[in-house]
Structures are given as C-alpha cells and as structure tokens.
>>> print(open('my_file-v2.csv').read())   # CSV, C-alpha atoms
chain,number,residue,atom,x,y,z
A,280,MET,CA,55.6,29.5,42.5
A,281,TYR,CA,52.5,30.3,44.7
A,282,PHE,CA,51.1,32.7,42.1
A,283,LYS,CA,51.7,30.3,39.3
A,284,LYS,CA,49.8,27.5,41.1
A,285,ARG,CA,47.0,29.9,41.9
A,286,SER,CA,46.8,31.1,38.3
A,287,LEU,CA,46.7,27.5,37.1
A,288,PHE,CA,43.9,26.7,39.5
A,289,PHE,CA,41.7,29.7,38.3
A,290,LEU,CA,42.4,28.7,34.7
A,291,MET,CA,41.2,25.2,35.3
A,292,LEU,CA,38.1,26.5,37.1
A,293,LEU,CA,37.3,28.8,34.3
A,294,CYS,CA,37.5,26.0,31.7
A,295,CYS,CA,35.1,23.9,33.8
A,296,LEU,CA,32.6,26.7,34.0
A,297,VAL,CA,32.8,27.2,30.2
A,298,LEU,CA,32.3,23.5,29.5
A,299,SER,CA,29.4,23.4,31.9
A,300,ALA,CA,27.7,26.3,30.2
A,301,CYS,CA,28.1,24.8,26.8
A,302,GLY,CA,26.6,21.4,27.8
A,303,GLY,CA,22.8,20.6,27.9
A,304,GLN,CA,20.9,20.0,31.1
A,305,GLU,CA,20.5,16.5,32.2
A,306,SER,CA,17.1,14.8,32.5
A,307,GLU,CA,16.1,12.7,35.6
A,308,ASN,CA,17.5,9.5,34.0
A,309,GLY,CA,20.9,11.2,33.4
A,310,THR,CA,20.6,11.7,29.7
A,311,GLU,CA,21.2,15.1,28.2
A,312,LYS,CA,18.0,17.0,27.4
A,313,VAL,CA,17.4,18.3,23.9
A,314,GLU,CA,17.6,22.0,23.6
A,315,GLY,CA,14.3,23.6,22.5
A,316,LEU,CA,12.0,20.8,23.7
A,317,ALA,CA,10.7,22.7,26.7
A,318,GLU,CA,9.2,25.3,24.4
A,319,LEU,CA,6.9,22.7,22.8
A,320,GLY,CA,5.0,22.3,26.1
A,321,GLU,CA,2.4,19.5,26.3
A,322,ILE,CA,2.8,16.4,24.0
A,323,GLN,CA,-0.1,16.0,21.6
A,324,VAL,CA,-0.5,12.3,20.6
A,325,ILE,CA,-2.0,11.6,17.1
A,326,ALA,CA,-3.1,8.0,16.9
A,327,ARG,CA,-4.9,5.8,14.4
A,328,GLU,CA,-8.5,4.5,15.0
A,329,GLU,CA,-9.2,1.2,16.8
A,330,GLY,CA,-9.2,-1.6,14.2
A,331,SER,CA,-6.3,0.0,12.3
A,332,GLY,CA,-3.6,-2.6,11.6
A,333,THR,CA,-1.0,0.1,12.0
A,334,ARG,CA,-2.3,1.0,15.4
A,335,GLU,CA,-2.5,-2.7,16.5
A,336,ALA,CA,1.0,-3.4,15.2
A,337,PHE,CA,2.4,-0.3,16.8
A,338,ALA,CA,0.7,-1.1,20.2
A,339,GLN,CA,2.1,-4.6,20.1
A,340,MET,CA,5.7,-3.6,19.3
A,341,VAL,CA,5.8,-0.7,21.8
A,342,GLY,CA,4.0,-2.5,24.6
A,343,LEU,CA,0.7,-0.8,24.6
A,344,GLU,CA,-1.5,-3.8,24.4
A,345,ALA,CA,-4.5,-4.0,26.6
A,346,ASP,CA,-4.0,-5.7,30.0
A,347,GLY,CA,-7.3,-7.2,31.0
A,348,ALA,CA,-9.3,-4.6,29.3
A,349,GLU,CA,-13.0,-5.3,28.8
A,350,ASN,CA,-12.7,-4.3,25.2
A,351,ALA,CA,-10.4,-6.9,23.5
A,352,ASN,CA,-9.6,-4.4,20.8
A,353,ALA,CA,-8.6,-1.6,23.2
A,354,ASP,CA,-5.0,-0.7,24.0
A,355,GLN,CA,-3.3,1.7,26.4
A,356,THR,CA,-3.2,4.7,24.1
A,357,ARG,CA,-3.9,7.8,26.2
A,358,GLU,CA,-7.5,8.9,26.2
A,359,ASP,CA,-6.8,12.5,25.0
A,360,ALA,CA,-5.1,11.4,21.8
A,361,ARG,CA,-6.4,12.8,18.6
A,362,ILE,CA,-7.7,10.1,16.3
A,363,ALA,CA,-6.9,10.0,12.5
A,364,ASP,CA,-8.5,7.5,10.2
A,365,SER,CA,-5.5,7.1,7.7
A,366,GLY,CA,-1.8,7.6,7.5
A,367,GLU,CA,-2.3,10.6,5.3
A,368,ALA,CA,-4.5,12.2,8.0
A,369,VAL,CA,-1.8,11.6,10.6
A,370,THR,CA,0.9,13.3,8.6
A,371,GLU,CA,-1.5,16.3,7.9
A,372,GLU,CA,-2.2,16.6,11.6
A,373,ILE,CA,1.5,16.4,12.6
A,374,ALA,CA,2.5,19.0,9.9
A,375,GLN,CA,0.0,21.4,11.5
A,376,THR,CA,0.7,20.5,15.2
A,377,GLN,CA,4.1,21.7,16.4
A,378,ASN,CA,3.9,19.7,19.6
A,379,GLY,CA,2.4,16.6,18.0
A,380,ILE,CA,3.7,13.0,17.6
A,381,GLY,CA,2.2,10.1,15.6
A,382,TYR,CA,3.0,7.0,13.6
A,383,VAL,CA,2.5,6.0,9.9
A,384,SER,CA,3.8,3.6,7.4
A,385,ALA,CA,7.4,4.5,6.6
A,386,ALA,CA,6.5,4.7,2.9
A,387,ALA,CA,4.0,7.5,3.8
A,388,ALA,CA,6.3,9.4,6.2
A,389,GLU,CA,8.4,11.5,3.8
A,390,GLU,CA,6.0,14.4,3.6
A,391,ASP,CA,6.6,18.2,3.9
A,392,GLY,CA,6.2,19.5,7.4
A,393,VAL,CA,7.1,16.3,9.3
A,394,LYS,CA,10.3,14.6,10.5
A,395,VAL,CA,10.9,10.9,11.0
A,396,LEU,CA,12.6,10.0,14.3
A,397,GLN,CA,15.1,7.3,14.9
A,398,ILE,CA,13.9,4.6,17.4
A,399,GLU,CA,16.7,3.1,19.6
A,400,GLY,CA,19.1,4.9,17.3
A,401,VAL,CA,17.8,3.2,14.1
A,402,SER,CA,16.0,4.8,11.1
A,403,PRO,CA,13.2,2.9,9.3
A,404,GLY,CA,15.3,2.4,6.1
A,405,GLU,CA,14.9,-0.6,3.8
A,406,GLU,CA,17.9,-2.5,5.0
A,407,ALA,CA,17.1,-2.0,8.7
A,408,VAL,CA,13.5,-3.2,8.1
A,409,GLU,CA,14.6,-6.2,6.0
A,410,LYS,CA,17.1,-7.3,8.6
A,411,GLY,CA,14.7,-6.6,11.5
A,412,ASP,CA,17.1,-4.1,13.0
A,413,TYR,CA,14.5,-1.4,13.1
A,414,PRO,CA,12.3,-2.1,16.2
A,415,LEU,CA,9.0,-1.2,14.5
A,416,SER,CA,9.1,-3.5,11.5
A,417,ARG,CA,6.0,-5.4,10.3
A,418,SER,CA,4.7,-7.6,7.5
A,419,PHE,CA,1.9,-6.9,5.0
A,420,TYR,CA,-0.5,-9.8,4.5
A,421,LEU,CA,-2.9,-11.0,1.8
A,422,VAL,CA,-5.6,-13.0,3.4
A,423,TYR,CA,-8.5,-15.2,2.1
A,424,SER,CA,-10.9,-17.9,3.1
A,425,GLY,CA,-11.1,-21.2,1.4
A,426,THR,CA,-9.8,-21.8,-2.1
A,427,LEU,CA,-8.9,-19.0,-4.5
A,428,SER,CA,-10.6,-18.8,-7.8
A,429,ASP,CA,-8.3,-19.0,-10.9
A,430,LEU,CA,-8.4,-15.2,-11.3
A,431,ASP,CA,-7.6,-14.6,-7.7
A,432,GLN,CA,-4.7,-17.0,-7.9
A,433,ASP,CA,-3.4,-15.4,-11.0
A,434,PHE,CA,-3.4,-12.0,-9.3
A,435,VAL,CA,-1.6,-13.5,-6.2
A,436,ASN,CA,0.9,-15.2,-8.5
A,437,TYR,CA,1.7,-11.8,-10.1
A,438,ILE,CA,2.2,-10.2,-6.7
A,439,ASN,CA,4.7,-12.9,-5.8
A,440,THR,CA,6.7,-12.6,-9.0
A,441,ALA,CA,6.7,-9.6,-11.2
A,442,GLY,CA,4.8,-7.6,-8.6
A,443,GLN,CA,7.7,-7.7,-6.2
A,444,GLU,CA,9.4,-5.1,-8.4
A,445,VAL,CA,6.4,-2.8,-7.7
A,446,VAL,CA,6.7,-3.6,-4.0
A,447,ALA,CA,10.4,-2.7,-4.0
A,448,ARG,CA,9.7,0.9,-5.2
A,449,SER,CA,8.6,1.9,-1.7
A,450,TYR,CA,8.6,-1.2,0.5
A,451,VAL,CA,10.7,-4.2,1.2
A,452,PRO,CA,10.0,-7.2,-1.1
A,453,VAL,CA,9.9,-10.7,0.5
A,454,LYS,CA,10.7,-12.6,-2.7
A,455,GLU,CA,12.9,-12.3,-5.7
A,456,ALA,CA,11.1,-10.7,-8.6
A,457,GLY,CA,10.4,-13.3,-11.3
A,458,THR,CA,8.7,-13.8,-14.7
A,459,PHE,CA,5.0,-13.8,-14.8
A,460,LEU,CA,2.6,-15.2,-17.4
A,461,SER,CA,-1.1,-14.5,-16.9
A,462,ASN,CA,-3.9,-16.9,-17.7
A,463,LYS,CA,-5.8,-13.7,-18.7
A,464,GLU,CA,-8.9,-14.9,-16.8
A,465,PRO,CA,-11.8,-12.5,-17.0
A,466,GLY,CA,-13.8,-11.6,-14.0
A,467,LYS,CA,-13.8,-9.4,-10.8
A,468,ILE,CA,-11.8,-9.3,-7.7
A,469,HIS,CA,-12.8,-7.4,-4.5
A,470,LEU,CA,-10.0,-6.6,-2.0
A,471,THR,CA,-10.7,-4.8,1.3
A,472,GLY,CA,-8.8,-3.9,4.4
A,473,SER,CA,-5.8,-1.9,5.6
A,474,THR,CA,-5.6,1.8,4.5
A,475,SER,CA,-1.8,1.4,4.8
A,476,ILE,CA,-1.6,-1.4,2.3
A,477,ALA,CA,-4.2,0.0,-0.1
A,478,PRO,CA,-1.9,2.4,-2.0
A,479,LEU,CA,0.5,-0.4,-2.7
A,480,ILE,CA,-2.3,-2.7,-3.8
A,481,GLU,CA,-3.5,0.0,-6.2
A,482,GLU,CA,-0.1,0.0,-7.8
A,483,LEU,CA,-0.1,-3.7,-8.0
A,484,VAL,CA,-3.5,-3.7,-9.6
A,485,GLU,CA,-2.3,-1.3,-12.3
A,486,GLY,CA,0.7,-3.5,-13.0
A,487,TYR,CA,-1.4,-6.7,-13.1
A,488,ASN,CA,-3.9,-5.1,-15.6
A,489,GLU,CA,-1.0,-4.7,-18.1
A,490,TYR,CA,-0.8,-8.5,-18.1
A,491,ASN,CA,-4.5,-9.2,-17.8
A,492,PRO,CA,-6.8,-6.4,-19.0
A,493,ASN,CA,-9.8,-8.7,-18.7
A,494,ALA,CA,-9.8,-8.4,-14.9
A,495,GLN,CA,-11.8,-5.8,-12.9
A,496,ILE,CA,-10.3,-5.3,-9.5
A,497,GLU,CA,-12.0,-3.2,-6.8
A,498,VAL,CA,-10.0,-2.0,-3.7
A,499,THR,CA,-12.0,-0.8,-0.6
A,500,GLU,CA,-10.1,0.9,2.2
A,501,THR,CA,-11.5,0.1,5.7
A,502,ASP,CA,-9.0,-1.2,8.2
A,503,SER,CA,-7.2,-4.5,8.9
A,504,THR,CA,-9.7,-5.9,11.3
A,505,GLN,CA,-12.7,-5.1,9.1
A,506,GLY,CA,-10.9,-6.6,6.2
A,507,LEU,CA,-10.2,-9.8,8.0
A,508,ASN,CA,-13.8,-10.0,9.2
A,509,ALA,CA,-15.0,-9.5,5.7
A,510,ALA,CA,-12.7,-12.4,4.5
A,511,MET,CA,-14.1,-14.7,7.3
A,512,GLN,CA,-17.7,-13.7,6.3
A,513,GLY,CA,-17.0,-14.3,2.6
A,514,LYS,CA,-17.7,-10.6,1.8
A,515,CYS,CA,-14.4,-10.1,-0.2
A,516,ASP,CA,-12.1,-12.2,-2.3
A,517,LEU,CA,-8.9,-11.0,-0.6
A,518,ALA,CA,-8.3,-9.0,2.5
A,519,MET,CA,-5.3,-6.7,3.3
A,520,SER,CA,-3.8,-6.8,6.8
A,521,SER,CA,-1.0,-4.6,8.1
A,522,ARG,CA,-0.9,-6.4,11.5
A,523,GLU,CA,-0.2,-9.9,12.7
A,524,LEU,CA,-3.2,-12.2,12.6
A,525,GLU,CA,-4.7,-13.4,15.9
A,526,SER,CA,-4.4,-17.1,16.5
A,527,TYR,CA,-8.1,-17.7,15.8
A,528,GLU,CA,-7.8,-15.7,12.5
A,529,LYS,CA,-4.9,-17.9,11.5
A,530,GLU,CA,-7.0,-21.0,12.1
A,531,LEU,CA,-9.9,-19.7,10.0
A,532,LEU,CA,-8.0,-18.0,7.1
A,533,GLU,CA,-5.3,-18.6,4.6
A,534,TYR,CA,-2.6,-15.9,4.5
A,535,GLU,CA,0.8,-15.0,3.1
A,536,VAL,CA,3.3,-12.2,3.5
A,537,PHE,CA,4.0,-10.2,0.3
A,538,ALA,CA,5.9,-7.1,1.6
A,539,LYS,CA,7.6,-5.7,4.7
A,540,ASP,CA,7.3,-2.2,6.1
A,541,GLY,CA,8.5,-0.1,9.0
A,542,ILE,CA,6.2,2.0,11.1
A,543,ALA,CA,7.7,5.5,11.2
A,544,VAL,CA,7.3,7.7,14.3
A,545,ILE,CA,6.9,11.3,13.1
A,546,VAL,CA,6.9,14.7,14.7
A,547,ASN,CA,6.6,18.3,13.4
A,548,LYS,CA,9.6,19.5,11.4
A,549,GLU,CA,10.2,22.2,14.0
A,550,ASN,CA,10.7,19.6,16.8
A,551,PRO,CA,14.4,19.4,17.6
A,552,LEU,CA,14.2,15.7,18.8
A,553,GLU,CA,16.0,13.1,16.7
A,554,ASN,CA,15.7,9.8,18.6
A,555,LEU,CA,13.5,8.0,21.1
A,556,SER,CA,13.8,4.7,23.0
A,557,LEU,CA,11.0,2.2,22.9
A,558,GLU,CA,10.4,2.9,26.6
A,559,GLN,CA,10.0,6.6,26.0
A,560,LEU,CA,7.7,5.9,23.1
A,561,LYS,CA,5.5,3.8,25.3
A,562,GLU,CA,5.4,6.4,28.0
A,563,ILE,CA,4.5,9.1,25.5
A,564,PHE,CA,1.6,7.1,24.1
A,565,ASP,CA,0.2,5.8,27.4
A,566,GLY,CA,0.3,9.2,29.0
A,567,SER,CA,3.1,8.6,31.5
A,568,LEU,CA,5.1,11.4,29.8
A,569,LYS,CA,2.9,14.4,29.2
A,570,ASN,CA,5.3,17.2,28.4
A,571,TRP,CA,8.2,17.4,26.0
A,572,ASP,CA,10.6,18.7,28.6
A,573,GLU,CA,10.2,15.4,30.6
A,574,LEU,CA,12.3,13.6,27.9
>>> encode(input="my_file-v2.csv", output="structure tokens")
Amino acid sequence: MYFKKRSLFFLMLLCCLVLSACGGQESENGTEKVEGLAELGEIQVIAREEGSGTREAFAQMVGLEADGAENANADQTREDARIADSGEAVTEEIAQTQNGIGYVSAAAAEEDGVKVLQIEGVSPGEEAVEKGDYPLSRSFYLVYSGTLSDLDQDFVNYINTAGQEVVARSYVPVKEAGTFLSNKEPGKIHLTGSTSIAPLIEELVEGYNEYNPNAQIEVTETDSTQGLNAAMQGKCDLAMSSRELESYEKELLEYEVFAKDGIAVIVNKENPLENLSLEQLKEIFDGSLKNWDEL
C-alpha cells in the first residue's frame, strides 16, 4: 500500500510539472503573457498628426485627452511616436515595422502586412460598430455654415438616400437607402477635411454624378480640424469631420451624421498579439508601457 501511495504521489507531481511547462508565463497583473511578444522588444507607436479627426477621436475614446495642456489640440500621445499624415501612411509604416502599433479607419485596415486587434475582446465589425459594442466606434459628419445652396442640398439629399448604399459597401449606414431624384442643378461644390472620410466621399461623388452630370465636385484632403475651420471661414461648401465637434463648433456650424466607422488598432502581421484592453491601449500610447513583454 505504501508503494502504491508513493507512486500515485509522484504521478500527480509529474502531471503538475507537465501542465506548468505547457502554460504561459503570467504578467504582473496575473494575465497570461503572449508567447513571442518579448522578441519584439520596444513598442513603436505610429500616430496620426495633430488636427486629424481620427487621432482626436482615438484620444478621446482611449483617454489620451490633454489634461491642462497649454496647447488645446495636444493630447498625451508619447513624444517619440512616429507621425503619419494619413491612414494609408499608418498601414504602410506598420507593415514595415515589426514592433509597431497604430490606428486607422476600420475600412482601411484590411491591408497586407498588418493585423487588426480586438479591443476588449471585440473586433471592429459592422454589427459591433452599429450597436456600439466596439469600444472605438465613431461617426462621420458633413458640416456646413449657414444655408446650403440648391446644389449642395441636392448632393446631401443623395448621400442620405441612394448614397447610403455606397456607404454600406465599407462603412455602417445611418439611414435606410431610398429613392433619389436629382434637380440636376449645375455648379460647383468644394468639400474639404478628413482624410479618413475623403475616399468615401469620392465614391459618393461618383455615384451622385450619375444622377447629376452637371455638377463639378472638388474634394480636398486636409484633416478634420482644418475642414471645420474652413467651413467656419466660408472657404468651403461642405466640411468632412471624422471626430465629434467641439461645443463651440456645434454652435457655429450645421452638421449631420451620414455614416459610422470603427477605428481599428493594427499591428504588424508577425505580432502574436490578438487582443488589448482600453487601459493597455492607453498605456501603450501615453508611454507608460514601453516594451511588448510588459503586456
């Protein structure tokens, strides 16, 4: 009986050792570390430029907004972050930077060389964005000052009806697609603002011109803040904003939501990570977490 008990004891001990060897190491907060992260070394943050609607929306939702900073447009993004002036530039940087992490419009995230992370266990899919389950969901705005011309209004009417089918190709529509009849008004429309919205607006312009070939529509990519400023100064007919408007902007401008989008967090395809919490995301971008093996 003694030998049987001793044999059972050693068998249980052996099983425990095997299970321990198969499991991952635990991080300081008790969660299991992802195998292969340590090899990536230091975290390289890729951020958008100040004034970008995507950057401002991301900073607001993650908790990176400035706290008493002298520059009202500044946020707490780490100072050594590389700056990219478009979503396309961010994806290119991430594809070439094995230890990189950045953020882009979800519609621009499916590129070779990058991987989209879940945030709080949720992917930026259409249903999750529509229901607000994805933590980094935002709205796309068309903004203007004063009263729209007949041509401007005709274009906006198209976006809110038949144009919603165009929106649904890559983004989340906010209205049911409907029938559209153009007044075929001749003239020019100048839109300026968000680089994230511009590709969608270009598609909408193409669709609208099928109804009204008499319209000439120019789209200038700057950023959301510059677009909103241009609208307030009367330098454009319509502005594009991919961030929430400030209270003073809402007082001075007319605006409406025409689409919803998720901000996707992307890493290099070689990164083994699959998910981040909002708190981890904040700590990565404000510099509290500097190395991948700290996750």
>>> residues_around(input="my_file-v2.csv", residues="Glu500 of chain A", least_positions_apart="6", cutoff="10 Å", atoms="all atoms listed in the file", output="PyMOL selection string")
chain A and resi 365+470-478+506+519
>>> closest_residue(input="my_file-v2.csv", among="A:Asn547, A:Ser416, A:Asn462, A:Thr501", to="Ser384 of chain A", atoms="only C-alpha atoms")
A:Ser416
>>> closest_residue(input="my_file-v2.csv", among="A:Glu464, A:Glu481, A:Glu573, A:Glu358", to="Asn493 of chain A", atoms="only C-alpha atoms")
A:Glu464
>>> atom_distance(input="my_file-v2.csv", atom1="atom CA of Leu574 of chain A", atom2="atom CA of Lys312 of chain A")
6.7 Å
>>> residues_around(input="my_file-v2.csv", residues="Val446 of chain A", least_positions_apart="2", cutoff="12 Å", atoms="only C-alpha atoms", output="CSV table (one decimal) with C-alpha atoms, keeping the file's coordinate frame")
chain,number,residue,atom,x,y,z
A,386,ALA,CA,6.5,4.7,2.9
A,405,GLU,CA,14.9,-0.6,3.8
A,419,PHE,CA,1.9,-6.9,5.0
A,437,TYR,CA,1.7,-11.8,-10.1
A,438,ILE,CA,2.2,-10.2,-6.7
A,439,ASN,CA,4.7,-12.9,-5.8
A,440,THR,CA,6.7,-12.6,-9.0
A,441,ALA,CA,6.7,-9.6,-11.2
A,442,GLY,CA,4.8,-7.6,-8.6
A,443,GLN,CA,7.7,-7.7,-6.2
A,444,GLU,CA,9.4,-5.1,-8.4
A,448,ARG,CA,9.7,0.9,-5.2
A,449,SER,CA,8.6,1.9,-1.7
A,450,TYR,CA,8.6,-1.2,0.5
A,451,VAL,CA,10.7,-4.2,1.2
A,452,PRO,CA,10.0,-7.2,-1.1
A,453,VAL,CA,9.9,-10.7,0.5
A,454,LYS,CA,10.7,-12.6,-2.7
A,455,GLU,CA,12.9,-12.3,-5.7
A,456,ALA,CA,11.1,-10.7,-8.6
A,476,ILE,CA,-1.6,-1.4,2.3
A,478,PRO,CA,-1.9,2.4,-2.0
A,479,LEU,CA,0.5,-0.4,-2.7
A,480,ILE,CA,-2.3,-2.7,-3.8
A,481,GLU,CA,-3.5,0.0,-6.2
A,482,GLU,CA,-0.1,0.0,-7.8
A,483,LEU,CA,-0.1,-3.7,-8.0
A,484,VAL,CA,-3.5,-3.7,-9.6
A,486,GLY,CA,0.7,-3.5,-13.0
A,536,VAL,CA,3.3,-12.2,3.5
A,537,PHE,CA,4.0,-10.2,0.3
A,538,ALA,CA,5.9,-7.1,1.6
A,539,LYS,CA,7.6,-5.7,4.7
A,540,ASP,CA,7.3,-2.2,6.1
>>> residues_around(input="my_file-v2.csv", residues="Lys548 of chain A", least_positions_apart="4", cutoff="8 Å", atoms="all atoms listed in the file", output="PyMOL selection string")
chain A and resi 374+377+392-394
>>> residues_around(input="my_file-v2.csv", residues="Ala494 of chain A", least_positions_apart="3", cutoff="8 Å", atoms="only C-alpha atoms", output="ChimeraX atom specification")
/A:430,463-468,488,491
>>> build_atoms(input="my_file-v2.csv", residues="segment 457-468 of chain A", atoms="all heavy atoms", output="JSON list (two decimals), keeping the file's coordinate frame")
[["chain", "number", "residue", "atom", "x", "y", "z"],
["A", 457, "GLY", "N", 10.22, -12.23, -10.29],
["A", 457, "GLY", "CA", 10.40, -13.30, -11.30],
["A", 457, "GLY", "C", 9.46, -13.01, -12.51],
["A", 457, "GLY", "O", 8.67, -12.06, -12.53],
["A", 458, "THR", "N", 9.57, -13.88, -13.48],
["A", 458, "THR", "CA", 8.70, -13.80, -14.70],
["A", 458, "THR", "C", 7.31, -14.20, -14.37],
["A", 458, "THR", "O", 7.06, -15.13, -13.59],
["A", 458, "THR", "CB", 9.31, -14.72, -15.78],
["A", 458, "THR", "OG1", 10.66, -14.37, -16.05],
["A", 458, "THR", "CG2", 8.48, -14.62, -17.06],
["A", 459, "PHE", "N", 6.37, -13.49, -14.99],
["A", 459, "PHE", "CA", 5.00, -13.80, -14.80],
["A", 459, "PHE", "C", 4.25, -13.93, -16.11],
["A", 459, "PHE", "O", 4.39, -13.08, -17.01],
["A", 459, "PHE", "CB", 4.29, -12.69, -13.95],
["A", 459, "PHE", "CG", 2.79, -12.84, -13.85],
["A", 459, "PHE", "CD1", 2.24, -13.87, -13.10],
["A", 459, "PHE", "CD2", 1.94, -11.96, -14.52],
["A", 459, "PHE", "CE1", 0.86, -14.01, -13.01],
["A", 459, "PHE", "CE2", 0.57, -12.10, -14.42],
["A", 459, "PHE", "CZ", 0.03, -13.13, -13.66],
["A", 460, "LEU", "N", 3.47, -15.00, -16.24],
["A", 460, "LEU", "CA", 2.60, -15.20, -17.40],
["A", 460, "LEU", "C", 1.19, -15.37, -16.94],
["A", 460, "LEU", "O", 0.87, -16.29, -16.18],
["A", 460, "LEU", "CB", 3.06, -16.47, -18.18],
["A", 460, "LEU", "CG", 4.45, -16.43, -18.82],
["A", 460, "LEU", "CD1", 4.81, -17.78, -19.43],
["A", 460, "LEU", "CD2", 4.51, -15.34, -19.89],
["A", 461, "SER", "N", 0.32, -14.46, -17.34],
["A", 461, "SER", "CA", -1.10, -14.50, -16.90],
["A", 461, "SER", "C", -1.90, -15.46, -17.68],
["A", 461, "SER", "O", -1.67, -15.69, -18.88],
["A", 461, "SER", "CB", -1.67, -13.08, -17.00],
["A", 461, "SER", "OG", -3.04, -13.09, -16.66],
["A", 462, "ASN", "N", -2.93, -16.02, -17.01],
["A", 462, "ASN", "CA", -3.90, -16.90, -17.70],
["A", 462, "ASN", "C", -4.98, -16.00, -18.39],
["A", 462, "ASN", "O", -5.87, -16.52, -19.05],
["A", 462, "ASN", "CB", -4.52, -17.89, -16.80],
["A", 462, "ASN", "CG", -5.27, -17.26, -15.63],
["A", 462, "ASN", "OD1", -5.67, -16.08, -15.67],
["A", 462, "ASN", "ND2", -5.49, -18.05, -14.58],
["A", 463, "LYS", "N", -4.90, -14.67, -18.16],
["A", 463, "LYS", "CA", -5.80, -13.70, -18.70],
["A", 463, "LYS", "C", -7.29, -14.01, -18.46],
["A", 463, "LYS", "O", -8.20, -13.76, -19.27],
["A", 463, "LYS", "CB", -5.58, -13.53, -20.25],
["A", 463, "LYS", "CG", -4.19, -13.03, -20.57],
["A", 463, "LYS", "CD", -4.04, -12.68, -22.04],
["A", 463, "LYS", "CE", -2.61, -12.26, -22.35],
["A", 463, "LYS", "NZ", -2.16, -11.10, -21.59],
["A", 464, "GLU", "N", -7.51, -14.56, -17.29],
["A", 464, "GLU", "CA", -8.90, -14.90, -16.80],
["A", 464, "GLU", "C", -9.72, -13.67, -16.69],
["A", 464, "GLU", "O", -9.31, -12.69, -16.08],
["A", 464, "GLU", "CB", -8.76, -15.65, -15.50],
["A", 464, "GLU", "CG", -10.07, -16.19, -14.98],
["A", 464, "GLU", "CD", -10.40, -17.55, -15.55],
["A", 464, "GLU", "OE1", -9.50, -18.19, -16.12],
["A", 464, "GLU", "OE2", -11.57, -17.96, -15.42],
["A", 465, "PRO", "N", -10.94, -13.65, -17.24],
["A", 465, "PRO", "CA", -11.80, -12.50, -17.00],
["A", 465, "PRO", "C", -12.54, -12.64, -15.68],
["A", 465, "PRO", "O", -12.62, -13.73, -15.10],
["A", 465, "PRO", "CB", -12.83, -12.64, -18.18],
["A", 465, "PRO", "CG", -12.89, -14.11, -18.46],
["A", 465, "PRO", "CD", -11.51, -14.64, -18.18],
["A", 466, "GLY", "N", -13.04, -11.53, -15.19],
["A", 466, "GLY", "CA", -13.80, -11.60, -14.00],
["A", 466, "GLY", "C", -13.48, -10.41, -13.04],
["A", 466, "GLY", "O", -12.80, -9.46, -13.42],
["A", 467, "LYS", "N", -13.99, -10.51, -11.80],
["A", 467, "LYS", "CA", -13.80, -9.40, -10.80],
["A", 467, "LYS", "C", -13.16, -9.94, -9.55],
["A", 467, "LYS", "O", -13.37, -11.09, -9.15],
["A", 467, "LYS", "CB", -15.19, -8.82, -10.47],
["A", 467, "LYS", "CG", -15.89, -8.12, -11.62],
["A", 467, "LYS", "CD", -17.22, -7.52, -11.16],
["A", 467, "LYS", "CE", -17.93, -6.81, -12.31],
["A", 467, "LYS", "NZ", -19.23, -6.22, -11.86],
["A", 468, "ILE", "N", -12.38, -9.07, -8.95],
["A", 468, "ILE", "CA", -11.80, -9.30, -7.70],
["A", 468, "ILE", "C", -12.07, -8.17, -6.74],
["A", 468, "ILE", "O", -11.92, -7.01, -7.12],
["A", 468, "ILE", "CB", -10.23, -9.50, -7.76],
["A", 468, "ILE", "CG1", -9.85, -10.62, -8.72],
["A", 468, "ILE", "CG2", -9.63, -9.76, -6.38],
["A", 468, "ILE", "CD1", -8.35, -10.74, -8.95]]
